[in-house]
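The next block holds one structure in the form of structure tokens; read it before the comments.
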Number of protein chains: 2
Amino acid sequence: MNQNRDIVIIGCGAGGGTAAQFARKTDRKSSITVFEKGKYPQYSKCGLPYAISGTIPDIKDLIEFSEEWFKNANIDLLLETTVEKIDIDNQKVIARKDNDVIEKSYDSLIISTGARPFFPPIKNLEQKGKLADGVYVVRTIDDVEKINSKIKTGGHTTIIGAGLIGLEMADNLRKKGMKITVVEALPMILAKNLDEDMAKIVGEHIPDDVKILTNHRVEKVELTNRKISKVVIKNQEKNEEITIESDLLIIATGTKPDIDLAKSIGCKIGTTGGIVVNKRCKTSINNVYAIGDCTEFVDYITAKPSLVGLGSIVVRQGISAGINAAGGDYELHKGILNTSTSEFFGIEIAAVGPTTKRINDIFTVVSGRFNGSSLPDYYPGGKPISVKILVDKYTGLIISAQAVGDNAAQRINMFACAILGQLDVETLRKLETAYAPPIAPTLDAVTLVCDIVSMKLNRKR
Amino acid sequence: MNQNRDIVIIGCGAGGGTAAQFARKTDRKSSITVFEKGKYPQYSKCGLPYAISGTIPDIKDLIEFSEEWFKNANIDLLLETTVEKIDIDNQKVIARKDNDVIEKSYDSLIISTGARPFFPPIKNLEQKGKLADGVYVVRTIDDVEKINSKIKTGGHTTIIGAGLIGLEMADNLRKKGMKITVVEALPMILAKNLDEDMAKIVGEHIPDDVKILTNHRVEKVELTNRKISKVVIKNQEKNEEITIESDLLIIATGTKPDIDLAKSIGCKIGTTGGIVVNKRCKTSINNVYAIGDCTEFVDYITAKPSLVGLGSIVVRQGISAGINAAGGDYELHKGILNTSTSEFFGIEIAAVGPTTKRINDIFTVVSGRFNGSSLPDYYPGGKPISVKILVDKYTGLIISAQAVGDNAAQRINMFACAILGQLDVETLRKLETAYAPPIAPTLDAVTLVCDIVSMKLNRKR
């Protein structure tokens with residue numbers, strides 16, 4: 001092993017920061033340099049919405065590893081420094097901080113450049129390449145600091161996108177006394193995570209004062225003194241326009257991978273637009289790894305490429321790339337499950353694997369849903385829980401699962417485990433789950449949903 | 001299939017009641033008769049402690065299927081009726097209700113006679129075959145009604161046995177203002193469910209005013225007017241005696257299977273003292289099934305016989321026996337996991353599979369424990385969670401798991417699934433668990449405990 005290996009990491013998000021940490025754990029003697037174009041070292045992007053409501057009182061609390069931490073770990077962290085070029089022939093990167101140019105050689109390079117927000121085509125959204133005043137995305141501490149400076153009780157926020165981030169923002173801005181309208185182009189909320197019947201259950205829990213406009217698009221923003229004042233929204237079914245006054249417009253319509261640097265050195269880019277990586281996070285270029293939102297990896301269930309977009313996957317890639325870049329050996333599991341969760345308006349949701357819409361062309365599925373209580377009927381305080389599973393008709397294998405309500409995430413972790421262990425629904429329905437009156441019924445929702453699907457399967461055979 | 005099959009069930013606990021229900025679902029035309037020696041139809045025995053504190057306001061709420069329910073399902077339920085004899089040559093049972101003798105033929109017979117409390121040898125405990133006034137077990141609605149009639153705020157209860165039921169009773173009686181002493185002969189609490197280090201964590205959460213005396217035995221009770229007044233307890237280490245005044249003595253030292261009827265007809269009895277049954281709940285006698293606390297079944301992990309003693313298993317046996325007895329076909333999984341959970345003094349515990357003490361002669365295990373928080377550090381409101389797993393040194397397979405703290409039960413269900421799916425720790429540590437700041441960290445306790453063991457294993461190889 002090279003005793004003085006040079007490891008360079010581009011980007012200090014969850015991926016790059018974790019990679020640095022695990023590279024250091026793997027090789028105490030290596031030189032590790034992290035270039036980060038932003039002002040802060042590794043912080044939780046997923047935590048940003050909660051720094052709006054005040055649930056997280058100080059936004060700086062989101063910083064998981066401080067500059068001091070990097071210093072103590074003997075990792076060179078260069079903030080506000082942008083990598084401009086990678087020279088693969090000489091294995092070095094060229095970066096710029098203000099007017100200084102920094103060159104750094106690498107034995108292993110880890111690209112963790114993340115993703116850029118995707119903007120739908122909206123009139124007046126941008127002014128000379130900059131978002132209009134009052135229009136924000138939720139990607140950085142800076143974004144949230146700007147949003148916080150514009151919040152006013154009784155004011156109105158329009159949010160574009162009824163996915164996880166859109167609804168998390170709705171909940172947190174509402175807690176600050178703002179009126180909320182969420183505009184979603186699709187006919188349903190949470191289309192990436194849930195089937196329509198499950199999303200409907202979530203919808204029933206969203207407070208009446210939060211207006212959710214599905215099948216609507218924001219067409220235009222109107223500005224007063226260069227600041228947003230109104231949002232023009234089109235009802236796509238009725239082809240009608242409505243105009244609402246809005247102090248804030250939050251865009252939560254997803255991202256696209258930031259692959260400019262990777263592309264410039266010829267890294268193979270996949271069909272999803274992400275950098276192609278393997279189980280060891282290697283790209284097609286020698287000694288170059290890539291991790292995080294700029295990459296794609298194979299979906300364990302569909303065997304198709306999938307953009308990486310979840311913090312849980314990014315961190316695992318960071319562990320793998322960090323260890324491998326430092327001369328260790330760490331392979332990720334052979335595919336990603338896209339296990340996800342969130343909580344808004346007091347309701348917990350979670351899912352693993354593709355929704356029905358995404359899977360119908362790959363598998364023939366039998367699905368079932370159970371709606372019940374988290375506790376036995378006779379025990380007070382039971383909370384609603386709905387679980388839906390999708391099962392392959394021919395093998396009985398669990399393909400995906402969705403849950404809304406009590407402990408949705410931990411219940412979904414069990415299904416993620418069942419998918420990884422390739423358990424069929426017949427076996428899983430016989431799994432002995434933990435039972436005690438204050439905790440769970442003798443037959444938990446996770447069992448009863450398997451019973452429902454198992455009976456359907458037996459009828460169809 | 002016999003269109004007018006006669007199904008007879010002895011015992012209407014969770015096992016017998018569930019069997020009746022599933023027999024009826026399987027065959028609408030069969031005649032189903034249930035004999036129950038007690039006063040009530042199927043009720044939750046596990047719920048009994050919560051009818052003491054008032055958490056469950058009316059003890060009758062514990063009845064899960066009423067007499068009316070059985071009537072509507074066209075099931076003959078005979079309460080306060082004791083089966084005295086089974087005639088296997090003529091396939092009939094002979095029962096008695098007061099002075100009436102009832103004979104009933106069967107095509108399928110299900111024995112669900114449950115278990116009897118086990119009493120440690122204590123002087124003056126019994127008076128003419130009856131427990132002394134103020135001494136109770138926690139097996140029936142009658143028991144709890146008697147306990148409730150003796151509760152007095154500021155009074156003192158001694159509980160023998162620091163297992164799940166002993167500690168549940170301690171918590172619930174304390175809520176009624178009673179002072180509590182728990183006496184445990186073993187050097188630790190919860191020895192059946194947890195390893196010593198995990199039990200210690202639970203111990204730290206038990207309020208100081210609940211006295212837990214491990215390594216102690218109750219030697220004698222002293223009576224005043226035939227009613228308990230004092231309990232004489234021996235410290236087994238120091239060989240000293242202490243005497244405490246006590247208004248109540250609760251015995252929670254476990255049970256032994258009630259197998260008299262099964263034995264009388266020659267059912268094979270196993271080494272644990274339970275009736276031997278197979279995956280279809282059949283005994284060694286033709287057309288006779290047995291389920292519940294009177295049976296033993298093979299432990300999935302140790303491959304040794306294990307007494308059935310958990311409601312979750314009993315109900316699953318009831319489903320199987322009910323379906324099979326009615327001519328259907330339902331096999332249980334090939335072994336039991338003994339997944340268990342409870343909650344007392346605000347702390348949730350759960351476990352699956354054997355403890356270290358029970359397993360050391362079968363497997364060479366590597367174990368690890370993770371103590372952390374249920375949420376990311378930066379998110380407020382995280383609760384402590386400790387998870388311990390035992391892993392086979394040579395195969396890396398998960399053998400058992402224990403959890404204390406936040407959502408212990410749902411976390412243990414995931415490990416139960418991993419055991420059933422024969423996942424090794426290397427694979428399980430790579431499982432993508434659900435992450436969102438208000439719900440769980442990027443790497444949940446269930447992942448981090450796998451990391452710890454995986455690293456230990458790699459060092460040992």
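Following the order of the structure tokens, first chain is A, next is B, and so on, with residues numbered from 1 inside each chain and ligands from 1 in the order they appear.
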**Test item: residues at most 10 Å from stretch 26-38 of chain A, only C-alpha atoms, excluding those fewer than 6 positions along its chain, as a ChimeraX atom specification** = /A:1-13,16-17,19-20,70,73-83,93,95-97,104-110,112-113,140-142,322-329
Can I get the selected residues back with C-alpha atoms, as a short mmCIF file (atom, residue, chain, number, x, y, z; two decimals), in the first residue's frame?
data_model
loop_
_atom_site.label_atom_id
_atom_site.label_comp_id
_atom_site.auth_asym_id
_atom_site.auth_seq_id
_atom_site.Cartn_x
_atom_site.Cartn_y
_atom_site.Cartn_z
CA MET A 1 0.00 0.00 0.00
CA ASN A 2 1.19 3.49 -0.83
CA GLN A 3 2.23 4.90 2.54
CA ASN A 4 1.72 8.49 1.50
CA ARG A 5 -1.29 8.17 -0.67
CA ASP A 6 -2.89 11.45 -1.78
CA ILE A 7 -6.67 11.41 -1.62
CA VAL A 8 -8.63 14.30 -3.08
CA ILE A 9 -12.36 14.72 -2.54
CA ILE A 10 -14.47 17.21 -4.48
CA GLY A 11 -17.47 18.29 -2.42
CA CYS A 12 -18.00 18.17 1.33
CA GLY A 13 -21.64 17.16 1.52
CA GLY A 16 -17.66 13.74 0.51
CA GLY A 17 -17.49 14.37 4.24
CA ALA A 19 -15.67 9.60 2.48
CA ALA A 20 -13.00 11.80 4.09
CA PHE A 70 -11.50 18.10 9.95
CA ALA A 73 -8.53 14.47 11.76
CA ASN A 74 -5.64 15.94 9.76
CA ILE A 75 -7.86 16.47 6.72
CA ASP A 76 -7.27 19.59 4.62
CA LEU A 77 -10.66 21.18 4.13
CA LEU A 78 -10.75 24.07 1.67
CA LEU A 79 -14.07 25.90 1.86
CA GLU A 80 -15.34 28.36 -0.78
CA THR A 81 -12.98 26.67 -3.19
CA THR A 82 -14.19 25.54 -6.60
CA VAL A 83 -12.51 22.79 -8.56
CA VAL A 93 -7.05 18.80 -9.74
CA ALA A 95 -9.12 24.61 -7.94
CA ARG A 96 -9.72 28.27 -7.37
CA LYS A 97 -10.38 30.22 -4.19
CA LYS A 104 -3.36 19.16 -5.86
CA SER A 105 -2.15 15.74 -7.03
CA TYR A 106 -4.16 12.64 -6.30
CA ASP A 107 -3.67 8.92 -6.15
CA SER A 108 -7.40 8.54 -5.57
CA LEU A 109 -10.00 11.12 -6.50
CA ILE A 110 -13.57 11.11 -5.17
CA SER A 112 -19.06 14.19 -4.80
CA THR A 113 -20.42 17.18 -6.65
CA THR A 140 -28.14 25.00 1.29
CA ILE A 141 -27.84 26.79 4.59
CA ASP A 142 -27.76 30.03 2.58
CA GLY A 322 -13.52 6.53 1.45
CA ILE A 323 -12.34 3.06 2.45
CA ASN A 324 -11.52 1.99 -1.12
CA ALA A 325 -9.79 5.26 -2.03
CA ALA A 326 -7.53 4.79 0.99
CA GLY A 327 -6.55 1.29 -0.06
CA GLY A 328 -9.13 -0.62 1.96
CA ASP A 329 -11.83 -2.87 0.63
#
Using only C-alpha atoms, what does the table of chain A residues within 7 Å of chain B look like, with each row giving the shortest atom pair and its distance in Å to one decimal, sorted by chain and ascending number, as CSV?
residue,atom,partner,partner_atom,distance
A:Cys46,CA,B:Pro437,CA,6.7
A:Gly47,CA,B:Pro437,CA,5.8
A:Ile56,CA,B:Tyr379,CA,6.3
A:Asp61,CA,B:Tyr378,CA,5.7
A:Leu62,CA,B:Tyr378,CA,5.9
A:Gly311,CA,B:Thr442,CA,6.6
A:Ser312,CA,B:Thr442,CA,4.8
A:Ile313,CA,B:Glu432,CA,6.8
A:Leu332,CA,B:Lys430,CA,6.7
A:His333,CA,B:Lys430,CA,6.0
A:Leu337,CA,B:Glu432,CA,6.7
A:Thr339,CA,B:Ala434,CA,5.1
A:Ser340,CA,B:Ala434,CA,4.8
A:Thr341,CA,B:Ala434,CA,5.5
A:Ser342,CA,B:Ala436,CA,5.5
A:Glu343,CA,B:Pro438,CA,6.8
A:Tyr378,CA,B:Asp61,CA,5.7
A:Tyr379,CA,B:Ile56,CA,6.3
A:Pro380,CA,B:Ile56,CA,6.9
A:Ala409,CA,B:Ala434,CA,5.8
A:Gln410,CA,B:Gln410,CA,5.7
A:Arg411,CA,B:Gln410,CA,6.3
A:Asn413,CA,B:Thr433,CA,5.5
A:Met414,CA,B:Met414,CA,4.3
A:Cys417,CA,B:Ala418,CA,6.3
A:Ala418,CA,B:Cys417,CA,6.3
A:Gly421,CA,B:Gly421,CA,5.0
A:Leu423,CA,B:Gly421,CA,6.1
A:Lys430,CA,B:His333,CA,6.0
A:Leu431,CA,B:Cys417,CA,6.8
A:Glu432,CA,B:Thr339,CA,6.2
A:Thr433,CA,B:Asn413,CA,5.5
A:Ala434,CA,B:Ser340,CA,4.8
A:Tyr435,CA,B:Thr341,CA,5.9
A:Ala436,CA,B:Ser342,CA,5.5
A:Pro437,CA,B:Gly47,CA,5.8
A:Pro438,CA,B:Glu343,CA,6.8
A:Ile439,CA,B:Ser342,CA,6.9
A:Thr442,CA,B:Ser312,CA,4.9
**Asked** Can you list, as a ChimeraX atom specification, every protein, DNA or RNA residue that comes within 7 Å of A:Ser374 when you count only C-alpha atoms, leaving out same-chain residues fewer than 4 positions away?
**Response** /A:382-385,406,440
**Backbone DSSP call of strand (DSSP E or B) for stretch 131-371 of chain A, listed as an MDAnalysis selection string** = chainID A and resid 131 133 135:136 156:160 179:183 210:213 216:224 227:235 240:245 248:251 255:257 269 275:276 282 288:290 295:299 305:307 336 340:344 347:352 365:371
**Asked** Please, what distance in Å, to one decimal, runs between atom CA of B:Thr253 and atom CA of B:Lys238?
**Response**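 Distance between the two atoms: 22.6 Å.
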**Asked** atom CA of A:Ile389 and atom CA of A:Asn371, how far apart in Å?
**Response**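 Those two atoms sit 12.1 Å apart.
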**Asked** Where does DSSP see alpha helix (DSSP H) in stretch 332-450 of chain B, if you list the residues as a PyMOL selection string?
**Response** chain B and resi 356-359+408-420+425-428+445-450
**Request:** Name the residues in contact with A:Gly155 at a cut-off of 10 Å, using only C-alpha atoms, excluding same-chain residues fewer than 3 positions from it; report them as a PyMOL selection string.
**Result:** chain A and resi 150-152+174+176-180+245-248
Would you export the selected residues with N, CA and C atoms as a PDB file, in the first residue's frame, please?
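selection22.pdb written:
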ATOM      1  N   LYS A 150     -37.391  36.120   5.106  1.00  0.00           N
ATOM      2  CA  LYS A 150     -38.607  36.595   4.421  1.00  0.00           C
ATOM      3  C   LYS A 150     -39.891  36.118   5.087  1.00  0.00           C
ATOM      4  N   ILE A 151     -39.769  35.253   6.072  1.00  0.00           N
ATOM      5  CA  ILE A 151     -40.970  34.701   6.697  1.00  0.00           C
ATOM      6  C   ILE A 151     -41.726  35.788   7.440  1.00  0.00           C
ATOM      7  N   LYS A 152     -43.048  35.844   7.211  1.00  0.00           N
ATOM      8  CA  LYS A 152     -43.852  36.730   8.057  1.00  0.00           C
ATOM      9  C   LYS A 152     -45.177  36.059   8.381  1.00  0.00           C
ATOM     10  N   ARG A 174     -45.686  26.482   7.783  1.00  0.00           N
ATOM     11  CA  ARG A 174     -46.977  26.666   8.445  1.00  0.00           C
ATOM     12  C   ARG A 174     -46.785  26.879   9.944  1.00  0.00           C
ATOM     13  N   LYS A 176     -44.572  28.483  11.268  1.00  0.00           N
ATOM     14  CA  LYS A 176     -44.182  29.872  11.463  1.00  0.00           C
ATOM     15  C   LYS A 176     -45.341  30.822  11.164  1.00  0.00           C
ATOM     16  N   GLY A 177     -46.528  30.271  10.987  1.00  0.00           N
ATOM     17  CA  GLY A 177     -47.698  31.118  10.812  1.00  0.00           C
ATOM     18  C   GLY A 177     -47.953  31.533   9.378  1.00  0.00           C
ATOM     19  N   MET A 178     -47.294  30.890   8.426  1.00  0.00           N
ATOM     20  CA  MET A 178     -47.547  31.257   7.030  1.00  0.00           C
ATOM     21  C   MET A 178     -48.692  30.419   6.456  1.00  0.00           C
ATOM     22  N   LYS A 179     -49.415  31.043   5.522  1.00  0.00           N
ATOM     23  CA  LYS A 179     -50.443  30.303   4.782  1.00  0.00           C
ATOM     24  C   LYS A 179     -49.755  29.587   3.620  1.00  0.00           C
ATOM     25  N   ILE A 180     -50.234  28.407   3.315  1.00  0.00           N
ATOM     26  CA  ILE A 180     -49.497  27.559   2.377  1.00  0.00           C
ATOM     27  C   ILE A 180     -50.377  27.086   1.226  1.00  0.00           C
ATOM     28  N   GLU A 245     -51.753  35.833  -4.337  1.00  0.00           N
ATOM     29  CA  GLU A 245     -50.680  36.663  -3.781  1.00  0.00           C
ATOM     30  C   GLU A 245     -49.737  35.764  -2.999  1.00  0.00           C
ATOM     31  N   SER A 246     -48.461  36.024  -3.137  1.00  0.00           N
ATOM     32  CA  SER A 246     -47.484  35.140  -2.498  1.00  0.00           C
ATOM     33  C   SER A 246     -46.246  35.931  -2.105  1.00  0.00           C
ATOM     34  N   ASP A 247     -45.831  35.766  -0.847  1.00  0.00           N
ATOM     35  CA  ASP A 247     -44.621  36.430  -0.372  1.00  0.00           C
ATOM     36  C   ASP A 247     -43.386  35.600  -0.662  1.00  0.00           C
ATOM     37  N   LEU A 248     -43.611  34.320  -0.786  1.00  0.00           N
ATOM     38  CA  LEU A 248     -42.500  33.382  -0.984  1.00  0.00           C
ATOM     39  C   LEU A 248     -42.913  32.345  -2.017  1.00  0.00           C
TER      40      LEU A 248
END
